[in-house]
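S.K.: For reference, this is protein_7.pdb, and it has PDB, C-alpha atoms, pLDDT in the B column.
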ATOM      1  CA  MET A   1     -97.753-119.769  37.311  1.00 92.00           C
ATOM      2  CA  ARG A   2     -94.499-120.911  35.769  1.00 93.00           C
ATOM      3  CA  ASP A   3     -94.652-117.908  33.431  1.00 96.00           C
ATOM      4  CA  VAL A   4     -95.103-115.487  36.367  1.00 97.00           C
ATOM      5  CA  VAL A   5     -91.995-116.829  38.104  1.00 98.00           C
ATOM      6  CA  GLU A   6     -89.916-116.777  34.934  1.00 97.00           C
ATOM      7  CA  ALA A   7     -91.019-113.227  34.082  1.00 97.00           C
ATOM      8  CA  ALA A   8     -90.126-112.068  37.605  1.00 98.00           C
ATOM      9  CA  LEU A   9     -86.657-113.633  37.358  1.00 98.00           C
ATOM     10  CA  LYS A  10     -86.077-111.958  34.004  1.00 97.00           C
ATOM     11  CA  ALA A  11     -87.365-108.595  35.270  1.00 97.00           C
ATOM     12  CA  ALA A  12     -85.011-108.816  38.261  1.00 96.00           C
ATOM     13  CA  GLU A  13     -82.151-109.691  35.883  1.00 96.00           C
ATOM     14  CA  VAL A  14     -81.351-112.750  37.980  1.00 96.00           C
ATOM     15  CA  SER A  15     -79.296-115.543  36.463  1.00 97.00           C
ATOM     16  CA  TYR A  16     -81.290-118.800  36.549  1.00 98.00           C
ATOM     17  CA  GLU A  17     -81.766-122.258  35.077  1.00 98.00           C
ATOM     18  CA  GLU A  18     -84.919-124.317  34.710  1.00 98.00           C
ATOM     19  CA  PRO A  19     -83.727-127.919  35.069  1.00 98.00           C
ATOM     20  CA  ARG A  20     -87.310-129.158  34.826  1.00 97.00           C
ATOM     21  CA  PRO A  21     -90.553-127.347  33.999  1.00 96.00           C
ATOM     22  CA  GLY A  22     -91.611-125.105  36.869  1.00 97.00           C
ATOM     23  CA  ALA A  23     -88.418-125.632  38.901  1.00 98.00           C
ATOM     24  CA  PHE A  24     -86.124-122.615  38.756  1.00 98.00           C
ATOM     25  CA  LEU A  25     -82.661-122.405  40.276  1.00 98.00           C
ATOM     26  CA  ALA A  26     -81.704-118.742  40.649  1.00 98.00           C
ATOM     27  CA  LYS A  27     -78.280-117.388  41.551  1.00 98.00           C
ATOM     28  CA  LEU A  28     -78.534-114.389  43.873  1.00 98.00           C
ATOM     29  CA  PRO A  29     -75.191-112.535  44.059  1.00 96.00           C
ATOM     30  CA  GLY A  30     -74.198-111.120  47.436  1.00 95.00           C
ATOM     31  CA  GLN A  31     -71.322-109.390  49.143  1.00 93.00           C
ATOM     32  CA  HIS A  32     -70.812-111.450  52.316  1.00 92.00           C
ATOM     33  CA  LYS A  33     -72.165-114.728  50.968  1.00 93.00           C
ATOM     34  CA  LEU A  34     -70.911-114.560  47.406  1.00 91.00           C
ATOM     35  CA  ALA A  35     -73.905-116.373  45.914  1.00 96.00           C
ATOM     36  CA  THR A  36     -77.112-117.814  47.278  1.00 98.00           C
ATOM     37  CA  MET A  37     -78.523-120.524  45.064  1.00 98.00           C
ATOM     38  CA  THR A  38     -82.304-120.389  45.425  1.00 98.00           C
ATOM     39  CA  TRP A  39     -84.938-122.826  44.241  1.00 98.00           C
ATOM     40  CA  LEU A  40     -88.357-121.565  43.205  1.00 98.00           C
ATOM     41  CA  ILE A  41     -90.540-124.600  42.540  1.00 98.00           C
ATOM     42  CA  VAL A  42     -94.083-124.242  41.290  1.00 98.00           C
ATOM     43  CA  GLY A  43     -96.204-126.983  42.838  1.00 97.00           C
ATOM     44  CA  GLU A  44     -99.884-127.856  42.555  1.00 96.00           C
ATOM     45  CA  ARG A  45    -100.896-125.483  45.359  1.00 97.00           C
ATOM     46  CA  VAL A  46     -97.809-123.585  46.481  1.00 98.00           C
ATOM     47  CA  LEU A  47     -94.604-121.960  45.314  1.00 98.00           C
ATOM     48  CA  HIS A  48     -91.788-123.566  47.282  1.00 98.00           C
ATOM     49  CA  VAL A  49     -88.733-121.387  47.996  1.00 98.00           C
ATOM     50  CA  GLU A  50     -85.496-122.937  49.268  1.00 98.00           C
ATOM     51  CA  ALA A  51     -81.923-121.692  49.577  1.00 98.00           C
ATOM     52  CA  PHE A  52     -78.871-123.198  51.261  1.00 98.00           C
ATOM     53  CA  PHE A  53     -77.600-120.857  54.007  1.00 98.00           C
ATOM     54  CA  CYS A  54     -74.724-122.693  55.738  1.00 98.00           C
ATOM     55  CA  ARG A  55     -73.647-126.112  56.839  1.00 97.00           C
ATOM     56  CA  LYS A  56     -74.242-127.541  60.294  1.00 97.00           C
ATOM     57  CA  PRO A  57     -72.264-125.508  62.854  1.00 98.00           C
ATOM     58  CA  ASP A  58     -69.083-126.994  64.289  1.00 97.00           C
ATOM     59  CA  GLU A  59     -69.506-125.407  67.727  1.00 97.00           C
ATOM     60  CA  ASN A  60     -71.592-123.161  69.939  1.00 97.00           C
ATOM     61  CA  HIS A  61     -74.769-124.989  68.947  1.00 96.00           C
ATOM     62  CA  THR A  62     -77.063-123.522  71.599  1.00 96.00           C
ATOM     63  CA  GLU A  63     -76.248-119.907  70.786  1.00 97.00           C
ATOM     64  CA  PHE A  64     -76.225-120.598  67.034  1.00 98.00           C
ATOM     65  CA  TYR A  65     -79.697-122.184  67.008  1.00 97.00           C
ATOM     66  CA  ARG A  66     -81.094-119.615  69.448  1.00 97.00           C
ATOM     67  CA  TRP A  67     -79.905-116.865  67.101  1.00 98.00           C
ATOM     68  CA  LEU A  68     -81.629-118.585  64.142  1.00 97.00           C
ATOM     69  CA  LEU A  69     -84.882-118.941  66.064  1.00 97.00           C
ATOM     70  CA  GLU A  70     -84.792-115.299  67.126  1.00 97.00           C
ATOM     71  CA  LYS A  71     -84.304-114.277  63.494  1.00 98.00           C
ATOM     72  CA  ASN A  72     -87.250-116.454  62.393  1.00 97.00           C
ATOM     73  CA  GLY A  73     -89.632-114.247  64.340  1.00 94.00           C
ATOM     74  CA  SER A  74     -88.928-111.186  62.193  1.00 96.00           C
ATOM     75  CA  MET A  75     -88.645-112.762  58.750  1.00 98.00           C
ATOM     76  CA  TYR A  76     -91.014-112.487  55.791  1.00 97.00           C
ATOM     77  CA  GLY A  77     -91.747-115.250  53.312  1.00 97.00           C
ATOM     78  CA  VAL A  78     -88.992-117.640  54.360  1.00 98.00           C
ATOM     79  CA  HIS A  79     -87.581-118.918  57.626  1.00 98.00           C
ATOM     80  CA  PHE A  80     -84.566-120.875  58.792  1.00 98.00           C
ATOM     81  CA  SER A  81     -84.891-124.638  58.730  1.00 98.00           C
ATOM     82  CA  LEU A  82     -82.583-127.634  59.112  1.00 97.00           C
ATOM     83  CA  ASP A  83     -82.186-130.637  56.858  1.00 97.00           C
ATOM     84  CA  PRO A  84     -81.714-134.128  58.350  1.00 97.00           C
ATOM     85  CA  VAL A  85     -77.925-133.610  58.648  1.00 96.00           C
ATOM     86  CA  GLY A  86     -78.288-130.249  60.375  1.00 95.00           C
ATOM     87  CA  ASP A  87     -77.372-127.969  57.473  1.00 98.00           C
ATOM     88  CA  VAL A  88     -79.280-124.672  57.502  1.00 98.00           C
ATOM     89  CA  TYR A  89     -81.645-123.527  54.748  1.00 98.00           C
ATOM     90  CA  LEU A  90     -84.012-120.666  54.141  1.00 98.00           C
ATOM     91  CA  VAL A  91     -87.381-122.153  53.184  1.00 98.00           C
ATOM     92  CA  GLY A  92     -90.880-120.923  52.516  1.00 98.00           C
ATOM     93  CA  ARG A  93     -94.148-121.806  50.841  1.00 98.00           C
ATOM     94  CA  VAL A  94     -96.523-119.302  49.277  1.00 97.00           C
ATOM     95  CA  PRO A  95    -100.020-120.207  48.063  1.00 97.00           C
ATOM     96  CA  LEU A  96    -100.147-119.965  44.272  1.00 97.00           C
ATOM     97  CA  ALA A  97    -103.073-117.558  44.539  1.00 96.00           C
ATOM     98  CA  ALA A  98    -100.721-115.065  46.250  1.00 96.00           C
ATOM     99  CA  VAL A  99     -97.883-115.393  43.725  1.00 97.00           C
ATOM    100  CA  THR A 100     -97.357-112.356  41.541  1.00 97.00           C
ATOM    101  CA  GLY A 101     -94.266-110.936  39.898  1.00 97.00           C
ATOM    102  CA  ASP A 102     -93.938-108.447  42.763  1.00 97.00           C
ATOM    103  CA  GLU A 103     -94.250-111.236  45.346  1.00 98.00           C
ATOM    104  CA  VAL A 104     -91.546-113.317  43.636  1.00 98.00           C
ATOM    105  CA  ASP A 105     -89.298-110.237  43.604  1.00 98.00           C
ATOM    106  CA  ARG A 106     -90.043-109.633  47.306  1.00 98.00           C
ATOM    107  CA  LEU A 107     -89.239-113.270  48.163  1.00 98.00           C
ATOM    108  CA  LEU A 108     -85.961-113.157  46.250  1.00 98.00           C
ATOM    109  CA  GLY A 109     -85.087-109.891  47.981  1.00 98.00           C
ATOM    110  CA  CYS A 110     -85.794-111.429  51.374  1.00 98.00           C
ATOM    111  CA  VAL A 111     -83.698-114.519  50.647  1.00 98.00           C
ATOM    112  CA  LEU A 112     -80.803-112.379  49.450  1.00 98.00           C
ATOM    113  CA  THR A 113     -81.039-109.958  52.377  1.00 98.00           C
ATOM    114  CA  TYR A 114     -81.245-112.671  55.038  1.00 98.00           C
ATOM    115  CA  ALA A 115     -78.517-114.812  53.476  1.00 98.00           C
ATOM    116  CA  ASP A 116     -76.116-111.963  52.802  1.00 96.00           C
ATOM    117  CA  ASP A 117     -76.677-109.751  55.854  1.00 96.00           C
ATOM    118  CA  TRP A 118     -76.626-112.572  58.401  1.00 97.00           C
ATOM    119  CA  PHE A 119     -74.024-114.910  56.885  1.00 96.00           C
ATOM    120  CA  ASP A 120     -70.963-113.485  58.663  1.00 95.00           C
ATOM    121  CA  ARG A 121     -72.686-113.586  62.066  1.00 96.00           C
ATOM    122  CA  ALA A 122     -73.753-117.194  61.513  1.00 97.00           C
ATOM    123  CA  LEU A 123     -70.176-118.164  60.661  1.00 96.00           C
ATOM    124  CA  GLU A 124     -68.872-116.293  63.685  1.00 96.00           C
ATOM    125  CA  LEU A 125     -71.300-118.119  65.976  1.00 97.00           C
ATOM    126  CA  GLY A 126     -70.918-121.608  64.550  1.00 97.00           C
ATOM    127  CA  PHE A 127     -67.405-121.712  63.085  1.00 96.00           C
ATOM    128  CA  ALA A 128     -65.199-119.279  65.053  1.00 95.00           C
ATOM    129  CA  SER A 129     -62.527-121.878  65.903  1.00 94.00           C
ATOM    130  CA  SER A 130     -62.238-122.980  62.276  1.00 94.00           C
ATOM    131  CA  ILE A 131     -61.984-119.375  61.133  1.00 91.00           C
ATOM    132  CA  ARG A 132     -59.232-118.661  63.670  1.00 92.00           C
ATOM    133  CA  ARG A 133     -57.315-121.763  62.539  1.00 92.00           C
ATOM    134  CA  GLU A 134     -57.695-120.757  58.884  1.00 88.00           C
ATOM    135  CA  TRP A 135     -56.526-117.210  59.685  1.00 88.00           C
ATOM    136  CA  ALA A 136     -53.450-118.499  61.525  1.00 87.00           C
ATOM    137  CA  TRP A 137     -52.607-120.999  58.770  1.00 94.00           C
ATOM    138  CA  ARG A 138     -52.873-118.392  56.017  1.00 90.00           C
ATOM    139  CA  ALA A 139     -50.950-115.770  58.009  1.00 88.00           C
ATOM    140  CA  LYS A 140     -48.144-118.254  58.712  1.00 91.00           C
ATOM    141  CA  ARG A 141     -47.859-119.140  55.011  1.00 94.00           C
ATOM    142  CA  GLY A 142     -48.155-115.516  53.860  1.00 92.00           C
ATOM    143  CA  GLU A 143     -51.372-116.228  51.968  1.00 92.00           C
ATOM    144  CA  SER A 144     -54.189-113.774  51.367  1.00 91.00           C
ATOM    145  CA  LEU A 145     -56.538-113.005  54.239  1.00 84.00           C
ATOM    146  CA  ALA A 146     -58.809-110.894  52.025  1.00 87.00           C
ATOM    147  CA  ASN A 147     -61.894-113.093  52.218  1.00 85.00           C
ATOM    148  CA  LEU A 148     -61.515-113.443  56.001  1.00 84.00           C
ATOM    149  CA  GLN A 149     -61.400-109.713  56.775  1.00 86.00           C
ATOM    150  CA  ALA A 150     -65.005-109.735  58.041  1.00 86.00           C
ATOM    151  CA  PHE A 151     -63.727-111.905  60.913  1.00 88.00           C
ATOM    152  CA  ALA A 152     -60.526-110.000  61.712  1.00 86.00           C
ATOM    153  CA  ARG A 153     -61.952-108.568  64.947  1.00 86.00           C
ATOM    154  CA  PHE A 154     -61.958-112.019  66.537  1.00 83.00           C
ATOM    155  CA  ALA A 155     -59.608-114.050  64.306  1.00 86.00           C
ATOM    156  CA  ASP A 156     -56.588-111.753  64.117  1.00 83.00           C
ATOM    157  CA  PRO A 157     -54.494-112.138  67.273  1.00 83.00           C
ATOM    158  CA  ASP A 158     -52.765-108.807  66.546  1.00 80.00           C
ATOM    159  CA  ARG A 159     -55.994-106.795  66.889  1.00 73.00           C
TER     160      ARG A 159
END
Please re-express this file's structure in structure tokens.

M.R.:
Amino acid sequence: MRDVVEAALKAAEVSYEEPRPGAFLAKLPGQHKLATMTWLIVGERVLHVEAFFCRKPDENHTEFYRWLLEKNGSMYGVHFSLDPVGDVYLVGRVPLAAVTGDEVDRLLGCVLTYADDWFDRALELGFASSIRREWAWRAKRGESLANLQAFARFADPDR
């Protein structure tokens, strides 16, 4: 099964490392979330998929977690989960019998789509105050706001 996963990563032209046999750490490049580091770990019975999404939200916990749970209902292959500290991950397990090169590609595509498409909204829900403070601090110092432009509609007081 290790060979199937490695061949799928190579076919997708995804940058990856194999720190130990059967444990692949792939780097999925995005536009909103610049990179999503994703583990694909071949176990005895399942392929485990795990990717860090964002840290525990600073605020608006009820709406943030409700949004995650609503998203879980429409997701394929992976779902949102929390670690013991409250950081958010995308996780999934696929029986080895169902793992093919196409399925690995589909899983990677899902992880990338969910992480990249939903990242800005997650930050808006859970970190709006921090983003506003960062915007104000950078604006005051004349520093670049380029990587905060996705949040201008609520962070820029001049809008």

S.K.: Adding 8 Å on each side of the box along x, y and z that holds all listed atoms of range 2-12 of chain A, could you give its centre and edge lengths in Å to one decimal, as JSON?

M.R.:
{"center_x": -90.1, "center_y": -114.8, "center_z": 35.8, "size_x": 26.1, "size_y": 28.3, "size_z": 20.8}

S.K.: Can you list, as number ranges by chain, every protein, DNA or RNA residue that comes within 10 Å of range 147-154 of chain A when you count only C-alpha atoms, leaving out same-chain residues fewer than 4 positions away?

M.R.: A: 32, 120-121, 123-124, 128-129, 131-132, 134-135, 138, 158-159

S.K.: Extract, using only C-alpha atoms, all DNA, RNA and protein residues at most 9 Å from Leu125 in chain A, discarding same-chain residues fewer than 5 positions from it, and format them as a list in words.

M.R.: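 Within the cut-off, the hits are Pro57, Glu59, Asn60, His61, Glu63, Phe64, Trp67 and Asp120 of chain A.
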
S.K.: When you count all atoms listed in the file, which of these residues is closest to Phe52 in chain A: A:Leu69, A:Met1, A:Ala11, A:Leu28?

M.R.: A:Leu28

S.K.: Using only C-alpha atoms, can you tell me which of A:Arg93, A:Lys10, A:Lys33, A:Lys27 comes closest to Arg45 in chain A?

M.R.: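 Closest candidate: A:Arg93.
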
S.K.: Can you tell me how far CA of Gly92 in chain A sits from CA of Ala7 in chain A, in Å to one decimal?

M.R.: 20.0 Å

S.K.: Evaluated on this file, the PyMOL selection byres ((chain A and resi 40) around 8) picks out some residues - which ones are they, written as a PDB file with C-alpha atoms, in the frame of the given file?

M.R.:
ATOM      1  CA  VAL A   5     -91.995-116.829  38.104  1.00 98.00           C
ATOM      2  CA  GLY A  22     -91.611-125.105  36.869  1.00 97.00           C
ATOM      3  CA  ALA A  23     -88.418-125.632  38.901  1.00 98.00           C
ATOM      4  CA  PHE A  24     -86.124-122.615  38.756  1.00 98.00           C
ATOM      5  CA  LEU A  25     -82.661-122.405  40.276  1.00 98.00           C
ATOM      6  CA  ALA A  26     -81.704-118.742  40.649  1.00 98.00           C
ATOM      7  CA  THR A  38     -82.304-120.389  45.425  1.00 98.00           C
ATOM      8  CA  TRP A  39     -84.938-122.826  44.241  1.00 98.00           C
ATOM      9  CA  ILE A  41     -90.540-124.600  42.540  1.00 98.00           C
ATOM     10  CA  VAL A  42     -94.083-124.242  41.290  1.00 98.00           C
ATOM     11  CA  LEU A  47     -94.604-121.960  45.314  1.00 98.00           C
ATOM     12  CA  HIS A  48     -91.788-123.566  47.282  1.00 98.00           C
ATOM     13  CA  VAL A  49     -88.733-121.387  47.996  1.00 98.00           C
ATOM     14  CA  GLU A  50     -85.496-122.937  49.268  1.00 98.00           C
TER      15      GLU A  50
END

S.K.: Give me the residues within 12 Å of Ala115 in chain A as a PyMOL selection string, counting only C-alpha atoms and dropping any in the same chain fewer than 2 places off.

M.R.: chain A and resi 28-38+50-54+68+71+75+78-80+88-91+108-113+117-123

S.K.: How many Å separate CA of Asp105 in chain A from CA of Tyr65 in chain A?

M.R.: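 Rounded to one decimal, the two atoms are 28.0 Å apart.
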
S.K.: Distance CA of Val85 in chain A-CA of Arg55 in chain A, one decimal place?

M.R.: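 Going from CA of Val85 in chain A over to CA of Arg55 in chain A covers 8.8 Å.
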
S.K.: Nearest residue to Pro157 in chain A out of A:Ser81, A:Ala136, A:Glu44, A:Val99, using all atoms listed in the file?

M.R.: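 Under the stated criterion, the closest residue is A:Ala136.
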
S.K.: Between A:Gly101, A:Gly77, A:Pro84, A:Gly142, which is the closest to Arg2 in chain A once you count all atoms listed in the file?

M.R.: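 Closest to Arg2 in chain A, using all atoms listed in the file: A:Gly101.
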
S.K.: When distances are computed from all atoms listed in the file, which of A:Ala155, A:Leu82, A:Leu107, A:Leu145 shows the smallest separation from Ala12 in chain A?

M.R.: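 Nearest to Ala12 in chain A: A:Leu107.
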
S.K.: Counting all atoms listed in the file, figure out which residue out of A:Glu13, A:Asp58, A:Glu103, A:Glu143 gets nearest to Gly86 in chain A.

M.R.: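 Once distances to Gly86 in chain A are computed over all atoms listed in the file, the minimum belongs to A:Asp58.
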